[in-house]
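*Asks:* Okay, handing you the structure first.
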Amino acid sequence: MSRNLRTRAIVIVVAILLCLIALFAPWHKPKGYARSANDFFKPSNLRQNLSENIRLGLDLRGGTHLVMQVQADEVIKAITDGNRQKAEEELKKAEKDGIKFTAVKVVANGLFVVETPDTSKHTEIREKLLPFFGSDAWEVTTSASPATVTFKLTNAAANQFRREATEQAKVIIERRIDQFGVAEPTVQLHGREEDHQILVQMPGVDNPERVKELIKGEAKLEIRAVDVANPQRFNTREEAMAALGGAADKEVLPYNEKRGDGGADTGFYILEKSPVVTGVDLRDARGVQSQQGFGFEVDFSLKPIGAEKFGNWTGSNVNNYLAVVLDNEIKSVAVVRSRIEDRGQIEGNFTQQQAEDLGLVLRSGALPAKVVYLEERTVGPSLGADSIRQGVRASIFGLILVVLTMLIYYRFSGVNAVIALVLNLVILLAGMAVFSATLTLPGIAGVILTIGMAVDSNVLVFERIREELRAGKIVKSAVDTGFDKALTTIIDTHVTTIVSAAFLYAFGTGPIKGFAVTLTIGLLANLFTAVYVSRTMFIWVLNRGGRKAETLSI
Amino acid sequence: MFEILKNTNYDFLGKKWLFIGLSWLLILAGVISVVYRAFDGKDNTHPFNLGVDFAGGTLATVKFREAPDQDKLRATLAAQGIEASKISIQPVGRIGEAQTNEVLVRLPNLVQIQRQEGQSETAAVAVSDADIGKQKILAALATFNDESSKGKVDLNTIGSDGLLSELNSRAGLDSQRAGEVAQRVVDYREKSSNGLIRNLSEVKNLSGVDPQIGEALDKHFFTGYASVKSVDAVSPQVGADLRNRAIYVTIIACLGMLIYVAFRFKSWGFGIGAVIAVFHDVLVTLGIFSIMQWEINLTVIAALLTLVGYSMNDTIVIFDRVRELLRTRRRENLEKLSNDAINQTLSRTIIASGLTFLTVCALLIFGGEVLKSFSWCLFIGILIGTYSTMYIASPFMLWWEAWRAKKRATTVSAPVKAEAGTAGESANVGASGVTPQMLAAAGISTRPRKKGK
């Protein structure tokens with residue numbers, strides 16, 4: 001018996017030590033850090049280690065939780081529009097081969113039709129166009145009346161495009177947040193695949209307005225040629241449209257350039273539709289102090305291919321004008337004095353923040369589609385600290401109530417239950433540190449619930465022991481029977497609660513997941529403390545002094 | 001030993017009709033409340049007070065410098081195009097604070113969604129961002145600041161990165177200095193000043209803020225009258241999705257329990273009895289939530305699922321005891337066995353429930369506003385759960401087994417008559433409701449013992 005007791009005691013002591021190490025050791029320090037005795041024995045260091053080892057959720061730490069949806073249908077629309085345009089161009093070229101058509105129209109997302117009166121040419125049209133679009137992505141059907149050749153994007157291909165767009169958006173958003181400098185952000189795909197949702201969590205950012213703009217930012221940068229025939233600025237859109245005269249390869253865009261005195265020059269220009277250089281050609285973009293001396297600007301440099309394009313164009317267009325267009329608004333117009341290879345700047349009298357943000361968005365690449373925020377949850381750090389305070393207070397109060405009740409009702413065995421309970425909590429916290437589980441406010445409620453449920457196991461055992469004692473059994477036999485009989489019930493009850501916690505984990509979002517995890521770890525720890533540890537203590541008490549005990553304080 | 005409830009012999013199941021009737025009454029009350037509120041036409045009561053998690057909308061905690069003029073806040077919000085009756089403003093009480101300067105502002109859903117023909121709410125596309133409500137609240141709060149603050153930056157609503165940028169551009173500080181000062185101001189606001197700085201002079205007295213910066217602060221910054229401490233903004237399609245999932249998960253969890261218990265006790269009667277008790281608990285709790293109009297949000301669903309597990313616990317304890325009694329007293333009437341089981345476990349049930357109940361009370365009193373609904377749910381649930389274990393689970397289990405036993409007695413009698421011992425047993429089965437499956441579950445063989453064993 002004493003050997004059994006010794007083994008048990010060793011197991012328990014080792015378990016306690018492991019827990020303390022998990023909780024209070026400086027795991028967060030980088031490798032190679034020379035550990036000194038101070039680390040383990042100085043209270044303030046211990047406290048710091050503890051707070052590092054237990055991860056706090058956003059609702060306790062303060063931070064922002066964002067769920068956004070990528071408007072993936074826009075991508076399909078863009079592809080459809082692009083393909084329609086290409087089809088039209090190709091068919092125009094093919095007119096000399098006798099293929100006539102009346103129109104190429106977009107009917108819906110992923111669906112466009114070639115209207116042609118000559119049904120005999122349908123197969124030819126199909127053979128001609130399909131290679132451009134990918135034969136496994138588009139289904140082609142022909143019909144005699146109305147005489148059309150229909151191109152439809154297959155569902156599989158459409159879903160593929162949408163999925164890729166969401167992935168791409170996620171990567172770009174990750175880049176933007178990374179450059180913004182958030183500590184430990186989370187960026188991941190969220191929900192079902194067809195939801196196209198992205199989850200972003202930023203601890204410590206409790207005022208997310210700027211980051212939200214950054215994430216959404218659709219900086220579409222283009223450098224375009226100003227119409228050589230009409231390079232002047234127009235005052236109204238009507239004048240510009242009149243001068244444009246319906247030319248298909250040019251368009252009118254608004255112009256808005258901020259001056260140093262806070263005002264702005266406005267107007268309209270006629271620009272070529274095709275850009276010389278776009279955001280894709282950017283190598284780098286930085287917000288820097290403006291050379292002109294007021295405000296900030298964004299300096300950009302181009303990749304080799306883009307640089308070549310730019311160089312060629314500027315080389316053959318000296319004394320013509322170019323316009324820097326951002327999100328379809330002209331930011332500045334400049335005259336080309338000489339061939340420019342690979343640099344340029346966007347002037348807009350930006351503030352430092354605006355310039356830096358714009359540079360960041362340009363650097364990270366353009367989002368493939370618009371992003372809409374579906375969910376925003378922000379908690380300020382003062383509220384988070386409040387919540388922790390309240391949670392801890394409630395825990396302590398609950399703990400005191402439970403401890404008092406156990407001591408009063410079960411007398412000395414109540415001490416047994418209390419020790420088991422304290423150990424349960426220690427193992428619970430250590431478990432959370434080891435599994436990097438996040439402690440949330442519902443999680444603290446889970447700890448409080450664990451306190452109540454943990455003593456439930458003890459109560460089961462103690463009540464059984466009392467019954468056996470009442471029936472006249474001797475003390476040792478009563479204790480053994482009590483534990484044996486209660487074990488199956490304890491396991492049953494723990495399994496059912498853990499199963500419902502598992503469902504909660506699958507269903508819930510962050511804080512709820514935290515609750516499920518805390519409850520589960522607490523109950524698993526309870527299986528150890530209420531059965532093994534508690535029994536060990538009984539064995540010790542019953543065999544103290546070398547003789548078997550006659551009575552039991554219970 | 002200090003004991004209460006020892007050797008009790010209450011006839012629980014004898015009065016079962018009384019209590020089942022009571023349960024029906026409670027459920028009926030809940031149903032009436034739901035139906036009544038669905039059709040009473042009042043805007044501020046709903047069948048269930050769904051939180052923003054499920055209904056969409058905005059919920060913000062706003063802290064004011066002093067007790068706020070709620071009417072003014074409501075008016076400025078309504079002026080931005082929100083239906084005044086749907087704006088909810090509730091003061092937040094805190095233990096130990098006589099007067100509270102915090103309010104919870106709840107706005108209805110303002111997001112426009114595009115729904116195509118026949119599309120469900122969850123698949124609709126949002127046209128605008130979920131934070132519309134938050135922007136409107138911020139705009140309304142700005143009206144509380146006086147004229148002198150126009151054009152200046154509010155120290156109470158800005159984040160540390162925004163403050164850095166403003167100090168940089170307006171006060172001309174270099175990035176590093178601006179960063180230090182910004183961090184210090186925000187730390188002071190959040191850690192020492194509880195989220196709201198009252199006066200610019202407090203900031204100017206901080207270490208590291210020299211008179212030069214102080215001047216710049218006077219010129220370009222002010223301390224706002226209110227700040228938003230937390231926000232939950234949810235789009236309607238997210239809300240609809242969560243609603244569906246909550247219902248789905250609760251039902252699946254109950255079914256999972258049913259299968260587990262039926263498996264453990266090798267008898268559907270136990271499983272169904274347990275699950276009906278759990279369903280009863282959930283229905284009564286939801287009914288009370290409807291009557292009291294407590295908010296149902298994600299944490300309440302967590303509480304409900306915990307309740308499901310907890311109610312199962314109680315029921316399993318009693319059924320375990322029944323199973324144990326079957327081993328030694330199988331010829332007795334099942335109803336008497338169940339009654340005895342309940343009595344024997346009564347002490348444990350009351351004390352364990354009582355202890356968990358105590359911890360929930362601790363949560364209710366000290367747990368704060370966020371956990372209020374959660375705590376109420378557990379509070380009611382534990383009371384109802386304990387009651388349902390005794391008066392709902394056992395009677396159902398008894399009925400089921402009696403019904404099964406009746407079926408068995410009529411169909412099985414022919415081949416069983418061949419053996420003397422078993423004939424008596426099957427007769428017993430009919431009378432006591434103890435079926436061979438239950439005995440098997442208890443580990444007792446139903447085949448007659450050989451002589452001399």
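Residues are named by chain letter and number: chains run A, B, ... in the order of the structure tokens, numbers start at 1 in each chain, and ligands are numbered from 1 in the order shown.
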I want to know what sits within 12 Å of A:Lys92, based on only C-alpha atoms, with residues of the same chain fewer than 5 positions away left out; could you give that as a PDB file with N, CA and C atoms, in the first residue's frame?

*Replies:*
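And here is the file that came out, result24.pdb:
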```pdb
ATOM      1  N   GLN A  85     -14.999  41.690 -75.462  1.00  0.00           N
ATOM      2  CA  GLN A  85     -14.245  42.654 -76.256  1.00  0.00           C
ATOM      3  C   GLN A  85     -13.313  41.935 -77.221  1.00  0.00           C
ATOM      4  N   LYS A  86     -12.638  40.926 -76.708  1.00  0.00           N
ATOM      5  CA  LYS A  86     -11.709  40.162 -77.531  1.00  0.00           C
ATOM      6  C   LYS A  86     -12.446  39.493 -78.681  1.00  0.00           C
ATOM      7  N   ALA A  87     -13.615  38.934 -78.377  1.00  0.00           N
ATOM      8  CA  ALA A  87     -14.398  38.262 -79.412  1.00  0.00           C
ATOM      9  C   ALA A  87     -14.740  39.251 -80.521  1.00  0.00           C
ATOM     10  N   ASP A  97     -12.841  37.211 -93.993  1.00  0.00           N
ATOM     11  CA  ASP A  97     -12.980  35.795 -94.352  1.00  0.00           C
ATOM     12  C   ASP A  97     -14.428  35.433 -94.596  1.00  0.00           C
ATOM     13  N   GLY A  98     -15.282  36.414 -94.548  1.00  0.00           N
ATOM     14  CA  GLY A  98     -16.673  36.136 -94.846  1.00  0.00           C
ATOM     15  C   GLY A  98     -17.551  35.892 -93.630  1.00  0.00           C
ATOM     16  N   ILE A  99     -16.973  36.013 -92.459  1.00  0.00           N
ATOM     17  CA  ILE A  99     -17.794  35.789 -91.262  1.00  0.00           C
ATOM     18  C   ILE A  99     -18.414  37.115 -90.877  1.00  0.00           C
ATOM     19  N   LYS A 100     -19.730  37.167 -90.997  1.00  0.00           N
ATOM     20  CA  LYS A 100     -20.373  38.408 -90.614  1.00  0.00           C
ATOM     21  C   LYS A 100     -21.073  38.248 -89.276  1.00  0.00           C
ATOM     22  N   PHE A 101     -21.150  39.338 -88.546  1.00  0.00           N
ATOM     23  CA  PHE A 101     -21.904  39.283 -87.291  1.00  0.00           C
ATOM     24  C   PHE A 101     -22.532  40.641 -87.062  1.00  0.00           C
ATOM     25  N   THR A 102     -23.621  40.645 -86.326  1.00  0.00           N
ATOM     26  CA  THR A 102     -24.281  41.921 -86.063  1.00  0.00           C
ATOM     27  C   THR A 102     -23.835  42.521 -84.728  1.00  0.00           C
ATOM     28  N   ALA A 103     -23.680  41.680 -83.759  1.00  0.00           N
ATOM     29  CA  ALA A 103     -23.261  42.226 -82.467  1.00  0.00           C
ATOM     30  C   ALA A 103     -22.706  41.131 -81.578  1.00  0.00           C
ATOM     31  N   VAL A 104     -21.906  41.555 -80.637  1.00  0.00           N
ATOM     32  CA  VAL A 104     -21.459  40.653 -79.580  1.00  0.00           C
ATOM     33  C   VAL A 104     -21.917  41.287 -78.277  1.00  0.00           C
ATOM     34  N   VAL A 114     -22.828  35.925 -79.568  1.00  0.00           N
ATOM     35  CA  VAL A 114     -22.507  36.525 -80.853  1.00  0.00           C
ATOM     36  C   VAL A 114     -23.752  36.404 -81.710  1.00  0.00           C
ATOM     37  N   ILE A 125     -17.231  30.203 -86.450  1.00  0.00           N
ATOM     38  CA  ILE A 125     -17.063  31.213 -85.396  1.00  0.00           C
ATOM     39  C   ILE A 125     -16.577  30.536 -84.125  1.00  0.00           C
ATOM     40  N   LYS A 128     -13.048  29.479 -84.275  1.00  0.00           N
ATOM     41  CA  LYS A 128     -12.144  30.602 -84.282  1.00  0.00           C
ATOM     42  C   LYS A 128     -11.957  31.178 -82.886  1.00  0.00           C
ATOM     43  N   LEU A 129     -13.049  31.298 -82.145  1.00  0.00           N
ATOM     44  CA  LEU A 129     -12.989  32.030 -80.882  1.00  0.00           C
ATOM     45  C   LEU A 129     -12.586  31.167 -79.689  1.00  0.00           C
TER      46      LEU A 129
END
```

*Asks:* Go through chain A and flag each residue having an atom no more than 6 Å from chain B; for those, report the closest pair of atoms plus their distance in Å to one decimal, using only C-alpha atoms, ordered by chain and rising number, as a tab-separated table.

*Replies:*
```
residue	atom	partner	partner_atom	distance
A:Asn207	CA	B:Gly159	CA	4.9
A:Val372	CA	B:Asp129	CA	5.5
A:Tyr373	CA	B:Asp129	CA	4.7
A:Leu374	CA	B:Ser235	CA	5.0
A:Glu375	CA	B:Val234	CA	4.5
A:Glu376	CA	B:Ala233	CA	5.0
A:Arg377	CA	B:Asp232	CA	4.4
A:Thr378	CA	B:Val231	CA	5.1
A:Val379	CA	B:Ser230	CA	4.3
A:Gly380	CA	B:Lys229	CA	5.1
A:Ser382	CA	B:Glu190	CA	4.8
A:Gln390	CA	B:Gly367	CA	5.4
A:Gly391	CA	B:Gly367	CA	5.6
A:Ala394	CA	B:Phe366	CA	4.9
A:Phe397	CA	B:Ala362	CA	5.9
A:Gly398	CA	B:Thr359	CA	4.5
A:Gly452	CA	B:Thr356	CA	4.1
A:Asp456	CA	B:Ala352	CA	4.9
A:Thr493	CA	B:Asn313	CA	4.7
A:Thr496	CA	B:Gly309	CA	5.4
A:Thr497	CA	B:Gly309	CA	4.3
A:Ser500	CA	B:Gly309	CA	5.7
```

*Asks:* Please dump the current selection as a short mmCIF file (atom, residue, chain, number, x, y, z; two decimals), in the first residue's frame; keep N, CA and C atoms.

*Replies:*
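Output file result35.cif is given in full below:
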```cif
data_model
loop_
_atom_site.label_atom_id
_atom_site.label_comp_id
_atom_site.auth_asym_id
_atom_site.auth_seq_id
_atom_site.Cartn_x
_atom_site.Cartn_y
_atom_site.Cartn_z
N ASN A 207 -8.76 51.04 -32.99
CA ASN A 207 -9.35 52.07 -33.81
C ASN A 207 -9.01 51.75 -35.26
N VAL A 372 -16.19 43.88 -49.22
CA VAL A 372 -17.22 44.52 -48.40
C VAL A 372 -17.14 43.96 -46.99
N TYR A 373 -17.22 44.82 -45.99
CA TYR A 373 -17.14 44.36 -44.60
C TYR A 373 -18.48 43.82 -44.15
N LEU A 374 -18.48 42.57 -43.65
CA LEU A 374 -19.71 41.97 -43.16
C LEU A 374 -19.84 42.05 -41.66
N GLU A 375 -18.72 42.05 -40.98
CA GLU A 375 -18.77 41.97 -39.53
C GLU A 375 -17.61 42.75 -38.99
N GLU A 376 -17.87 43.59 -38.02
CA GLU A 376 -16.77 44.30 -37.38
C GLU A 376 -17.00 44.28 -35.89
N ARG A 377 -16.07 43.73 -35.16
CA ARG A 377 -16.18 43.74 -33.71
C ARG A 377 -14.91 44.34 -33.15
N THR A 378 -15.07 45.43 -32.43
CA THR A 378 -13.91 46.11 -31.87
C THR A 378 -14.07 46.22 -30.38
N VAL A 379 -13.02 45.95 -29.66
CA VAL A 379 -13.05 46.12 -28.21
C VAL A 379 -11.87 46.98 -27.81
N GLY A 380 -12.15 48.07 -27.10
CA GLY A 380 -11.07 48.92 -26.63
C GLY A 380 -10.35 48.25 -25.48
N SER A 382 -9.48 49.34 -22.64
CA SER A 382 -10.00 49.61 -21.29
C SER A 382 -11.18 48.71 -20.99
N GLN A 390 -13.65 41.94 -13.98
CA GLN A 390 -14.93 41.38 -13.55
C GLN A 390 -14.90 39.87 -13.54
N GLY A 391 -14.28 39.30 -14.58
CA GLY A 391 -14.22 37.85 -14.65
C GLY A 391 -13.45 37.28 -13.47
N ALA A 394 -15.52 37.51 -10.30
CA ALA A 394 -16.57 36.49 -10.25
C ALA A 394 -15.98 35.12 -9.93
N PHE A 397 -15.08 34.95 -6.21
CA PHE A 397 -16.29 34.86 -5.41
C PHE A 397 -16.88 33.46 -5.47
N GLY A 398 -16.97 32.94 -6.71
CA GLY A 398 -17.51 31.59 -6.89
C GLY A 398 -16.66 30.57 -6.17
N GLY A 452 -17.59 24.72 -10.56
CA GLY A 452 -18.82 24.08 -10.09
C GLY A 452 -18.89 22.61 -10.46
N ASP A 456 -18.60 18.70 -8.44
CA ASP A 456 -19.66 17.72 -8.66
C ASP A 456 -19.10 16.31 -8.60
N THR A 493 -20.69 11.56 -17.17
CA THR A 493 -21.07 12.97 -17.13
C THR A 493 -20.04 13.84 -17.84
N THR A 496 -20.44 13.51 -21.72
CA THR A 496 -21.57 14.24 -22.32
C THR A 496 -21.29 15.74 -22.38
N THR A 497 -20.73 16.30 -21.33
CA THR A 497 -20.46 17.73 -21.38
C THR A 497 -19.38 18.04 -22.40
N SER A 500 -20.91 18.10 -25.86
CA SER A 500 -21.61 19.34 -26.21
C SER A 500 -20.61 20.48 -26.39
#
```

*Asks:* Could you write out, as number ranges by chain, all the residues of stretch 33-172 of chain B that DSSP marks as strand (DSSP E or B)?

*Replies:* B: 49-50, 57-64, 88-91, 102-107, 113-114, 125-126, 153-154

*Asks:* Please identify which residues in stretch 161-259 of chain A DSSP calls helix (DSSP H, G or I) from the backbone, and express them as a PyMOL selection string.

*Replies:* chain A and resi 161-180+193-195+209-216+237-244

*Asks:* Could you jot down the atom CA of B:Ile392 to atom CA of A:Ala501 separation for me, Å, one decimal place?

*Replies:*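 It comes out at 24.0 Å.
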